[in-house]
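Below is query-v5.cif, holding mmCIF, C-alpha atoms.
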data_work
loop_
_atom_site.label_atom_id
_atom_site.label_comp_id
_atom_site.auth_asym_id
_atom_site.auth_seq_id
_atom_site.Cartn_x
_atom_site.Cartn_y
_atom_site.Cartn_z
CA MET A 1385 184.62 40.97 77.19
CA ASP A 1386 185.46 44.11 75.26
CA ALA A 1387 181.80 45.13 75.29
CA LEU A 1388 181.55 44.62 79.05
CA ALA A 1389 184.70 46.65 79.63
CA LEU A 1390 183.42 49.47 77.42
CA GLU A 1391 180.07 49.60 79.24
CA ALA A 1392 181.81 49.69 82.65
CA LYS A 1393 184.01 52.51 81.41
CA ASN A 1394 180.94 54.54 80.30
CA VAL A 1395 179.33 54.04 83.69
CA ASN A 1396 182.48 55.30 85.44
CA VAL A 1397 182.57 58.36 83.17
CA GLN A 1398 178.92 59.21 83.95
CA GLU A 1399 179.51 58.85 87.69
CA ASN A 1400 182.54 61.13 87.47
CA GLU A 1401 180.53 63.73 85.55
CA LYS A 1402 177.81 63.65 88.23
CA LYS A 1403 180.39 64.14 90.93
CA SER A 1404 182.09 67.00 89.08
CA THR A 1405 178.81 68.85 88.24
CA PRO A 1406 178.04 71.30 91.07
CA ARG A 1407 174.64 70.93 92.67
CA PRO A 1408 172.36 74.00 92.38
CA ARG A 1409 172.10 75.87 95.60
CA PRO A 1410 168.64 75.99 97.14
CA LYS A 1411 166.91 79.34 96.73
CA PRO A 1412 166.79 81.33 99.91
CA PRO A 1413 163.27 81.67 101.35
CA LYS A 1414 161.42 84.81 100.29
CA LYS A 1415 161.32 87.45 102.89
CA ALA A 1416 157.83 88.30 104.09
CA LYS A 1417 156.64 91.66 102.87
CA ARG A 1418 156.77 94.25 105.56
CA ILE A 1419 153.35 95.68 106.38
CA VAL A 1420 153.35 99.41 106.90
CA TYR A 1421 150.78 100.16 109.56
CA PHE A 1422 148.97 103.47 109.80
CA GLU A 1423 148.49 105.75 112.74
CA VAL A 1424 145.01 107.24 112.66
CA GLU A 1425 144.10 110.37 114.54
CA ILE A 1426 140.45 111.36 114.95
CA LEU A 1427 139.68 115.00 115.67
CA ASP A 1428 136.46 116.81 116.44
CA LEU A 1429 135.28 118.68 113.34
CA LYS A 1430 134.25 121.81 115.24
CA THR A 1431 136.73 122.11 118.11
CA LYS A 1432 139.69 120.27 116.46
CA GLU A 1433 140.10 118.45 119.78
CA LYS A 1434 141.80 115.05 119.58
CA LEU A 1435 139.21 112.38 120.33
CA LEU A 1436 141.18 109.20 119.67
CA LEU A 1437 144.55 107.96 118.43
CA LEU A 1438 144.56 104.55 116.77
CA ASP A 1439 147.92 102.81 116.49
CA LYS A 1440 148.87 100.02 114.07
CA VAL A 1441 145.84 100.28 111.80
CA GLU A 1442 146.15 97.93 108.81
CA PRO A 1443 146.43 99.66 105.43
CA THR A 1444 143.58 97.58 104.03
CA SER A 1445 141.17 98.83 106.68
CA THR A 1446 138.05 100.57 105.41
CA ILE A 1447 136.45 103.69 106.80
CA LEU A 1448 133.78 101.43 108.30
CA ASP A 1449 136.52 99.50 110.15
CA ILE A 1450 137.88 102.77 111.56
CA LYS A 1451 134.37 103.76 112.64
CA ALA A 1452 134.02 100.42 114.41
CA LEU A 1453 137.31 101.00 116.28
CA PHE A 1454 136.16 104.49 117.21
CA HIS A 1455 132.86 103.06 118.44
CA LYS A 1456 134.72 100.71 120.82
CA SER A 1457 136.26 103.70 122.57
CA ASN A 1458 133.09 105.83 122.35
CA PRO A 1459 130.02 103.55 122.58
CA LYS A 1460 127.52 106.39 122.17
CA TRP A 1461 128.77 107.07 118.63
CA TYR A 1462 127.85 103.94 116.70
CA PRO A 1463 129.15 103.69 113.08
CA ALA A 1464 125.92 104.87 111.43
CA ARG A 1465 126.05 108.02 113.54
CA GLN A 1466 129.60 108.92 112.54
CA SER A 1467 130.76 111.06 109.64
CA LEU A 1468 134.50 111.17 108.91
CA HIS A 1469 136.20 113.77 106.72
CA LEU A 1470 139.74 114.27 105.44
CA ASP A 1471 139.31 118.00 105.84
CA PRO A 1472 136.80 120.06 107.85
CA LYS A 1473 135.29 121.38 104.59
CA SER A 1474 135.44 118.16 102.56
CA LYS A 1475 132.65 115.66 101.91
CA SER A 1476 132.02 112.75 104.21
CA LEU A 1477 134.04 109.63 103.36
CA ARG A 1478 132.17 106.54 102.19
CA ASP A 1479 132.25 103.45 104.39
CA GLU A 1480 133.78 101.29 101.66
CA GLU A 1481 136.80 103.55 101.00
CA ILE A 1482 140.15 101.92 101.88
CA LEU A 1483 142.71 103.66 104.07
CA GLN A 1484 145.75 103.05 101.84
CA THR A 1485 143.98 104.50 98.77
CA LEU A 1486 143.24 107.81 100.45
CA PRO A 1487 145.54 110.83 99.97
CA VAL A 1488 147.07 110.54 103.44
CA GLY A 1489 150.46 109.56 104.85
CA THR A 1490 151.13 106.82 107.37
CA THR A 1491 149.81 109.23 109.97
CA ALA A 1492 146.25 110.04 108.92
CA SER A 1493 143.98 112.63 110.48
CA PHE A 1494 140.20 112.36 110.19
CA TYR A 1495 137.65 114.92 111.32
CA PHE A 1496 134.61 113.54 113.07
CA SER A 1497 131.09 114.97 113.10
CA ASP A 1498 128.05 113.55 114.86
CA LEU A 1499 125.11 112.88 112.53
CA GLY A 1500 122.74 112.51 115.46
CA ALA A 1501 120.41 109.64 116.27
CA GLN A 1502 119.75 107.45 113.22
CA VAL A 1503 116.77 105.45 112.04
CA ALA A 1504 116.62 102.73 109.37
CA TRP A 1505 115.48 103.82 105.92
CA GLY A 1506 112.96 100.97 105.81
CA THR A 1507 111.30 102.34 108.94
CA VAL A 1508 111.18 105.80 107.36
CA PHE A 1509 109.54 104.52 104.18
CA LEU A 1510 106.94 102.53 106.10
CA THR A 1511 106.11 105.49 108.34
CA GLU A 1512 105.83 107.77 105.32
CA CYS A 1513 103.34 105.40 103.66
CA VAL A 1514 101.23 104.13 106.55
CA GLY A 1515 100.44 107.68 107.71
CA PRO A 1516 98.88 108.95 104.44
CA LEU A 1517 96.98 105.68 104.03
CA LEU A 1518 95.29 105.99 107.43
CA MET A 1519 94.94 109.77 107.19
CA TYR A 1520 93.00 109.56 103.93
CA LEU A 1521 90.66 106.86 105.26
CA MET A 1522 89.78 109.04 108.27
CA PHE A 1523 88.36 111.65 105.89
CA TYR A 1524 86.81 109.05 103.60
CA PHE A 1525 84.76 107.56 106.45
CA ARG A 1526 84.06 111.10 107.71
CA LEU A 1527 85.04 110.59 111.30
CA PRO A 1528 83.59 113.04 113.86
CA PHE A 1529 85.09 116.54 114.25
CA ILE A 1530 86.13 116.70 110.56
CA TYR A 1531 82.96 117.89 108.82
CA ASN A 1532 79.59 119.00 110.11
CA SER A 1533 78.23 116.53 112.69
CA LYS A 1534 75.33 115.57 110.43
CA TYR A 1535 77.83 114.03 108.02
CA ASP A 1536 79.59 111.85 110.63
CA PHE A 1537 80.20 108.32 109.32
CA THR A 1538 78.38 108.97 106.06
CA THR A 1539 79.70 108.26 102.58
CA SER A 1540 79.58 110.24 99.36
CA LYS A 1541 77.15 109.35 96.60
CA LEU A 1542 79.69 110.23 93.93
CA TRP A 1543 81.42 107.18 92.47
CA VAL A 1544 84.58 109.17 91.71
CA VAL A 1545 85.08 109.75 95.47
CA HIS A 1546 85.12 105.99 96.10
CA LEU A 1547 87.36 105.47 93.08
CA ALA A 1548 89.80 108.09 94.35
CA CYS A 1549 89.95 106.39 97.75
CA MET A 1550 90.70 103.03 96.13
CA CYS A 1551 93.45 104.53 93.96
CA HIS A 1552 95.04 106.43 96.83
CA SER A 1553 94.96 103.35 99.08
CA PHE A 1554 96.31 101.15 96.30
CA HIS A 1555 99.24 103.51 95.75
CA TYR A 1556 100.37 103.51 99.37
CA ILE A 1557 99.73 99.80 99.94
CA LYS A 1558 101.88 99.15 96.86
CA ARG A 1559 104.64 101.34 98.32
CA ILE A 1560 104.49 99.49 101.64
CA LEU A 1561 104.75 96.08 99.93
CA GLU A 1562 107.62 97.32 97.75
CA THR A 1563 109.47 98.55 100.82
CA LEU A 1564 109.08 95.13 102.45
CA PHE A 1565 109.73 92.85 99.49
CA VAL A 1566 111.24 94.75 96.52
CA HIS A 1567 113.51 97.63 97.47
CA ARG A 1568 117.18 97.04 98.28
CA ILE A 1569 118.12 100.17 100.18
CA SER A 1570 121.79 101.08 99.77
CA HIS A 1571 121.76 103.72 102.51
CA GLY A 1572 121.22 102.00 105.84
CA THR A 1573 120.04 104.91 107.96
CA MET A 1574 119.03 108.54 108.00
CA PRO A 1575 118.94 111.13 110.82
CA LEU A 1576 115.97 110.65 113.14
CA ARG A 1577 115.05 114.34 112.85
CA ASN A 1578 114.38 113.89 109.11
CA ILE A 1579 111.56 111.45 109.73
CA PHE A 1580 109.43 114.27 111.15
CA LYS A 1581 110.07 116.42 108.08
CA ASN A 1582 109.33 113.59 105.64
CA CYS A 1583 106.24 112.39 107.47
CA GLY A 1584 104.97 115.93 107.86
CA TYR A 1585 105.17 116.39 104.10
CA TYR A 1586 103.29 113.21 103.18
CA TRP A 1587 100.81 113.21 106.04
CA CYS A 1588 99.79 116.85 105.70
CA PHE A 1589 99.34 116.65 101.94
CA ALA A 1590 97.28 113.47 102.33
CA ALA A 1591 95.02 115.18 104.87
CA TRP A 1592 94.69 118.30 102.69
CA MET A 1593 93.67 116.46 99.52
CA ALA A 1594 91.45 113.99 101.41
CA TYR A 1595 89.57 116.83 103.12
CA TYR A 1596 88.46 118.30 99.78
CA ILE A 1597 87.89 115.10 97.82
CA ASN A 1598 85.70 113.60 100.56
CA HIS A 1599 83.96 116.85 101.47
CA PRO A 1600 80.15 116.71 101.30
CA LEU A 1601 80.19 119.67 98.89
CA TYR A 1602 82.82 118.19 96.56
CA THR A 1603 81.93 118.43 92.87
CA PRO A 1604 83.25 115.89 90.31
CA ALA A 1605 85.38 116.57 87.25
CA TYR A 1606 84.12 119.16 84.77
CA TYR A 1607 84.19 116.78 81.79
CA GLY A 1608 82.50 113.96 83.66
CA GLN A 1609 83.23 110.26 83.18
CA GLN A 1610 85.56 110.76 80.23
CA GLN A 1611 87.91 112.90 82.34
CA VAL A 1612 87.70 110.51 85.29
CA LYS A 1613 88.43 107.49 83.08
CA ALA A 1614 91.36 109.24 81.39
CA GLY A 1615 92.84 110.02 84.79
CA LEU A 1616 92.21 106.47 86.02
CA TYR A 1617 93.88 104.83 83.01
CA THR A 1618 96.88 107.14 83.35
CA PHE A 1619 97.10 106.34 87.07
CA LEU A 1620 96.97 102.55 86.58
CA PHE A 1621 99.40 102.59 83.63
CA CYS A 1622 101.97 104.59 85.57
CA GLN A 1623 101.58 102.44 88.68
CA LEU A 1624 102.42 99.34 86.63
CA GLY A 1625 105.36 101.16 85.07
CA ASN A 1626 106.60 102.35 88.45
CA PHE A 1627 106.53 98.83 89.85
CA SER A 1628 108.31 97.43 86.76
CA THR A 1629 111.16 99.93 87.06
CA HIS A 1630 111.53 99.19 90.77
CA VAL A 1631 112.01 95.49 89.93
CA VAL A 1632 114.75 96.41 87.43
CA LEU A 1633 116.49 98.60 90.00
CA ARG A 1634 116.28 95.78 92.53
CA ASN A 1635 117.88 93.29 90.14
CA VAL A 1636 120.91 95.50 89.41
CA LYS A 1637 121.75 95.62 93.12
CA THR A 1638 123.50 92.64 94.70
CA PRO A 1639 122.37 91.95 98.29
CA GLY A 1640 124.92 93.30 100.77
CA SER A 1641 126.93 95.06 98.06
CA LYS A 1642 127.21 98.76 97.23
CA VAL A 1643 128.56 98.16 93.73
CA LYS A 1644 126.53 100.15 91.22
CA LYS A 1645 125.47 98.94 87.78
CA ILE A 1646 123.73 100.61 84.88
CA PRO A 1647 120.02 99.65 84.71
CA TYR A 1648 118.88 98.62 81.23
CA PRO A 1649 115.48 97.87 79.67
CA THR A 1650 114.19 94.30 79.87
CA LYS A 1651 111.58 92.39 77.86
CA ASN A 1652 108.89 94.10 79.93
CA PRO A 1653 107.57 97.01 77.76
CA PHE A 1654 107.15 99.20 80.83
CA THR A 1655 110.93 99.18 81.30
CA TRP A 1656 111.76 100.34 77.76
CA ILE A 1657 111.73 103.93 79.02
CA PHE A 1658 115.12 103.16 80.57
CA ALA A 1659 116.51 103.76 77.08
CA LEU A 1660 115.54 107.42 77.36
CA VAL A 1661 115.49 108.26 81.07
CA SER A 1662 117.86 107.63 83.98
CA CYS A 1663 115.14 107.61 86.65
CA PRO A 1664 111.93 106.29 85.04
CA ASN A 1665 110.55 105.39 88.47
CA TYR A 1666 110.22 109.14 89.08
CA THR A 1667 108.76 109.62 85.60
CA TYR A 1668 106.03 107.07 86.33
CA GLU A 1669 105.47 108.53 89.81
CA LEU A 1670 104.88 111.93 88.21
CA GLY A 1671 102.44 110.35 85.74
CA THR A 1672 100.62 108.64 88.62
CA TRP A 1673 99.85 111.91 90.35
CA LEU A 1674 99.04 113.69 87.10
CA GLY A 1675 96.43 110.99 86.49
CA PHE A 1676 95.08 111.38 90.03
CA THR A 1677 94.90 115.15 89.51
CA VAL A 1678 92.90 114.76 86.29
CA MET A 1679 90.63 112.19 87.93
CA THR A 1680 89.77 114.27 91.00
CA GLN A 1681 90.19 117.79 89.58
CA CYS A 1682 91.34 118.88 93.02
CA VAL A 1683 93.70 121.83 93.64
CA PRO A 1684 95.52 120.26 96.64
CA VAL A 1685 96.31 117.20 94.51
CA ALA A 1686 97.67 119.42 91.72
CA PHE A 1687 99.80 121.32 94.22
CA PHE A 1688 101.12 118.05 95.67
CA THR A 1689 101.99 116.91 92.13
CA ILE A 1690 103.91 120.13 91.37
CA VAL A 1691 105.89 120.04 94.61
CA GLY A 1692 106.62 116.33 94.12
CA PHE A 1693 107.77 116.95 90.56
CA ILE A 1694 110.23 119.62 91.70
CA GLN A 1695 111.67 117.37 94.40
CA MET A 1696 111.89 114.30 92.13
CA THR A 1697 113.60 116.40 89.45
CA ILE A 1698 116.29 117.38 91.96
CA TRP A 1699 116.79 113.72 92.93
CA ALA A 1700 116.78 112.56 89.30
CA LYS A 1701 119.37 115.14 88.22
CA GLY A 1702 121.62 114.12 91.10
CA LYS A 1703 121.39 110.43 90.18
CA HIS A 1704 121.90 111.22 86.49
CA ARG A 1705 125.09 113.14 87.27
CA GLY A 1706 126.24 110.26 89.44
CA TYR A 1707 125.73 107.77 86.60
CA LEU A 1708 127.65 109.96 84.13
CA LYS A 1709 130.51 110.42 86.59
CA GLU A 1710 130.79 106.76 87.51
CA PHE A 1711 130.26 105.05 84.14
CA ARG A 1712 132.18 106.14 81.05
CA ASP A 1713 129.95 104.03 78.80
CA TYR A 1714 126.71 105.44 80.21
CA PRO A 1715 124.08 105.90 77.44
CA THR A 1716 124.26 109.50 76.25
CA LEU A 1717 120.67 109.53 74.97
CA ARG A 1718 119.21 109.39 78.45
CA SER A 1719 117.73 112.42 80.20
CA SER A 1720 117.12 112.72 83.94
CA ILE A 1721 113.35 112.39 84.29
CA ILE A 1722 111.56 113.56 81.12
CA PRO A 1723 112.79 112.20 77.74
CA PHE A 1724 114.67 114.77 75.62
CA ILE A 1725 113.57 117.65 77.88
CA LEU A 1726 114.75 117.36 81.47
#

When written as structure tokens, how does the structure in this file appear?
Amino acid sequence: MDALALEAKNVNVQENEKKSTPRPRPKPPKKAKRIVYFEVEILDLKTKEKLLLLDKVEPTSTILDIKALFHKSNPKWYPARQSLHLDPKSKSLRDEEILQTLPVGTTASFYFSDLGAQVAWGTVFLTECVGPLLMYLMFYFRLPFIYNSKYDFTTSKLWVVHLACMCHSFHYIKRILETLFVHRISHGTMPLRNIFKNCGYYWCFAAWMAYYINHPLYTPAYYGQQQVKAGLYTFLFCQLGNFSTHVVLRNVKTPGSKVKKIPYPTKNPFTWIFALVSCPNYTYELGTWLGFTVMTQCVPVAFFTIVGFIQMTIWAKGKHRGYLKEFRDYPTLRSSIIPFIL
């Protein structure tokens, strides 16, 4: 009986303690974070005239989103045709930049400039390559109104002329296939007016070199077969190297993404030059045309090689500076286009 009484007493004490202990108050619900919307004003770069005022733009909106909103109000200016600036003298803003990370207040002003009609980069590359391919073949087959009429539709007896045609055609067919199946182009479009400049460069040089190489009075290389073979081996080696580097550059780009990565050498020996050069695709391209120059011993080809080298050096230096600026751990041993020199 005493045990039962003691147990009942303990139960009563526990119940009293539960009653006397205050229950924890429920936590008040968290207040939703207040979103600070932006007011975006778009002005004409030249006249400073207000073109559009966008109200309640989300802070996480990108420049591309703002371009899309601007396009809704002005259908003739599609996003690829627009260039937005923070200041009339500043650089164009990238599409992926986010509104809230820019040095602007909640009322942001952007200056708009029209880039003109745009064309896809893939179309530009294909046009650049198909033209020289067809242009060269016109001279190779000696179509009428090119040389003397007695040479119409005749072919040269020099084997180096046929070899040069095969190499030239191989180069541009390779470029066409790479454009279709290898390259991942980060820039979607370019101004339509540039296609005439680019095509004029490639087409005219192709016609100039083809005219002399396929001319009935063309004379082969001074040192004969040895010189032709040396040029051919250089050409083929550099074409393989150029393709190998393009594959590496493709693999460092994720489809649909503009995130940049550092390209590194792979197990393929042709890619080992990445250890010394930032743009080995240009290095191999230069070697390709040096080989073609040695093979044909033709002044127009040499001139095309020199002009191409100057242009590729400008591109390579720009990309090299971009790598150094974007990546702190970028290999310091690398040069732009020529190891240890340039």

Problem set entry | Expansion of the PyMOL selection byres ((chain A and resi 1675) around 9) into residues, as a VMD selection string | chain A and resid 1612 1614 to 1620 1622 1670 to 1674 1676 to 1680

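What the PyMOL selection byres ((chain A and resi 1504-1512) around 6) grabs from this file is Val1503, Cys1513, Val1514, Gly1515, Ile1560, Gly1572, Thr1573 and Cys1583 of chain A.
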
Determine, for each residue of region 1466-1538 of chain A having at least one atom at most 12 Å from an atom of region 1420-1436 of chain A, the closest pair of atoms and their separation in Å to one decimal, counting only C-alpha atoms; order by chain and ascending number, as a tab-separated table.
residue	atom	partner	partner_atom	distance
A:Gln1466	CA	A:Asp1428	CA	11.2
A:Ser1467	CA	A:Leu1429	CA	9.6
A:Leu1468	CA	A:Ile1426	CA	8.5
A:His1469	CA	A:Leu1429	CA	8.3
A:Leu1470	CA	A:Ile1426	CA	10.0
A:Asp1471	CA	A:Leu1429	CA	8.5
A:Pro1472	CA	A:Leu1429	CA	5.9
A:Lys1473	CA	A:Leu1429	CA	9.2
A:Ser1474	CA	A:Leu1429	CA	10.8
A:Ser1476	CA	A:Leu1429	CA	11.4
A:Ile1482	CA	A:Phe1422	CA	12.0
A:Leu1483	CA	A:Phe1422	CA	8.5
A:Gln1484	CA	A:Phe1422	CA	8.6
A:Leu1486	CA	A:Phe1422	CA	11.8
A:Val1488	CA	A:Phe1422	CA	9.7
A:Gly1489	CA	A:Phe1422	CA	8.0
A:Thr1490	CA	A:Phe1422	CA	4.7
A:Thr1491	CA	A:Glu1423	CA	4.6
A:Ala1492	CA	A:Val1424	CA	4.8
A:Ser1493	CA	A:Glu1425	CA	4.6
A:Phe1494	CA	A:Ile1426	CA	4.9
A:Tyr1495	CA	A:Leu1427	CA	4.8
A:Phe1496	CA	A:Asp1428	CA	5.0
A:Ser1497	CA	A:Leu1429	CA	5.6
A:Asp1498	CA	A:Leu1429	CA	9.0
A:Leu1499	CA	A:Leu1429	CA	11.7

For this session: Extract, using all atoms listed in the file, all DNA, RNA and protein residues at most 7 Å from Tyr1595 (chain A), discarding same-chain residues fewer than 4 positions from it, and format them as a list of chain:residue names.
Result: A:Phe1523, A:Ala1591, A:His1599

For this session: Let me know the residues the PyMOL selection byres ((chain A and resi 1606) around 12) catches in the file above, as a PyMOL selection string.
Result: chain A and resi 1602-1605+1607-1612+1678-1682

Complete the atom set of region 1448-1458 of chain A to all heavy atoms and return it as a compact mmCIF listing (two decimals), in the frame of the given file.
# COMPACT_ATOMS: atom_id res chain seq x y z
N LEU A 1448 134.71 102.09 107.37
CA LEU A 1448 133.78 101.43 108.30
C LEU A 1448 134.54 100.74 109.43
O LEU A 1448 134.09 100.74 110.58
CB LEU A 1448 132.91 100.43 107.54
CG LEU A 1448 131.82 99.72 108.36
CD1 LEU A 1448 130.85 100.74 108.95
CD2 LEU A 1448 131.07 98.71 107.51
N ASP A 1449 135.69 100.14 109.11
CA ASP A 1449 136.52 99.50 110.15
C ASP A 1449 137.00 100.55 111.16
O ASP A 1449 137.01 100.29 112.37
CB ASP A 1449 137.72 98.80 109.51
CG ASP A 1449 137.31 97.65 108.62
OD1 ASP A 1449 136.25 97.03 108.89
OD2 ASP A 1449 138.04 97.36 107.65
N ILE A 1450 137.41 101.71 110.66
CA ILE A 1450 137.88 102.77 111.56
C ILE A 1450 136.73 103.27 112.44
O ILE A 1450 136.91 103.53 113.63
CB ILE A 1450 138.48 103.92 110.73
CG1 ILE A 1450 139.74 103.43 110.00
CG2 ILE A 1450 138.82 105.11 111.61
CD1 ILE A 1450 140.32 104.42 109.03
N LYS A 1451 135.53 103.36 111.85
CA LYS A 1451 134.37 103.76 112.64
C LYS A 1451 134.08 102.75 113.74
O LYS A 1451 133.70 103.13 114.86
CB LYS A 1451 133.14 103.91 111.72
CG LYS A 1451 133.18 105.13 110.82
CD LYS A 1451 131.92 105.21 109.98
CE LYS A 1451 131.92 106.47 109.10
NZ LYS A 1451 130.69 106.57 108.28
N ALA A 1452 134.25 101.46 113.41
CA ALA A 1452 134.02 100.42 114.41
C ALA A 1452 135.03 100.53 115.56
O ALA A 1452 134.67 100.35 116.74
CB ALA A 1452 134.09 99.05 113.76
N LEU A 1453 136.28 100.82 115.24
CA LEU A 1453 137.31 101.00 116.28
C LEU A 1453 137.00 102.23 117.13
O LEU A 1453 137.19 102.22 118.35
CB LEU A 1453 138.69 101.13 115.63
CG LEU A 1453 139.22 99.89 114.90
CD1 LEU A 1453 140.50 100.24 114.14
CD2 LEU A 1453 139.48 98.76 115.89
N PHE A 1454 136.53 103.28 116.48
CA PHE A 1454 136.16 104.49 117.21
C PHE A 1454 134.97 104.22 118.13
O PHE A 1454 134.89 104.76 119.25
CB PHE A 1454 135.85 105.60 116.21
CG PHE A 1454 135.57 106.93 116.83
CD1 PHE A 1454 136.43 107.47 117.78
CD2 PHE A 1454 134.45 107.68 116.47
CE1 PHE A 1454 136.19 108.71 118.36
CE2 PHE A 1454 134.21 108.91 117.04
CZ PHE A 1454 135.07 109.43 117.99
N HIS A 1455 134.06 103.39 117.65
CA HIS A 1455 132.86 103.06 118.44
C HIS A 1455 133.24 102.29 119.71
O HIS A 1455 132.59 102.45 120.76
CB HIS A 1455 131.90 102.23 117.59
CG HIS A 1455 130.68 101.76 118.32
ND1 HIS A 1455 130.23 100.46 118.27
CD2 HIS A 1455 129.84 102.43 119.14
CE1 HIS A 1455 129.16 100.35 119.03
NE2 HIS A 1455 128.89 101.52 119.56
N LYS A 1456 134.28 101.46 119.64
CA LYS A 1456 134.72 100.71 120.82
C LYS A 1456 135.16 101.65 121.94
O LYS A 1456 134.91 101.39 123.12
CB LYS A 1456 135.86 99.76 120.46
CG LYS A 1456 135.42 98.55 119.65
CD LYS A 1456 136.60 97.63 119.38
CE LYS A 1456 136.17 96.41 118.57
NZ LYS A 1456 137.31 95.50 118.32
N SER A 1457 135.80 102.74 121.57
CA SER A 1457 136.26 103.70 122.57
C SER A 1457 135.15 104.68 122.98
O SER A 1457 135.20 105.24 124.07
CB SER A 1457 137.45 104.49 122.04
OG SER A 1457 138.52 103.63 121.71
N ASN A 1458 134.19 104.88 122.08
CA ASN A 1458 133.09 105.83 122.35
C ASN A 1458 131.76 105.15 122.00
O ASN A 1458 131.24 105.35 120.89
CB ASN A 1458 133.27 107.11 121.54
CG ASN A 1458 134.58 107.82 121.85
OD1 ASN A 1458 134.66 108.62 122.76
ND2 ASN A 1458 135.61 107.50 121.08
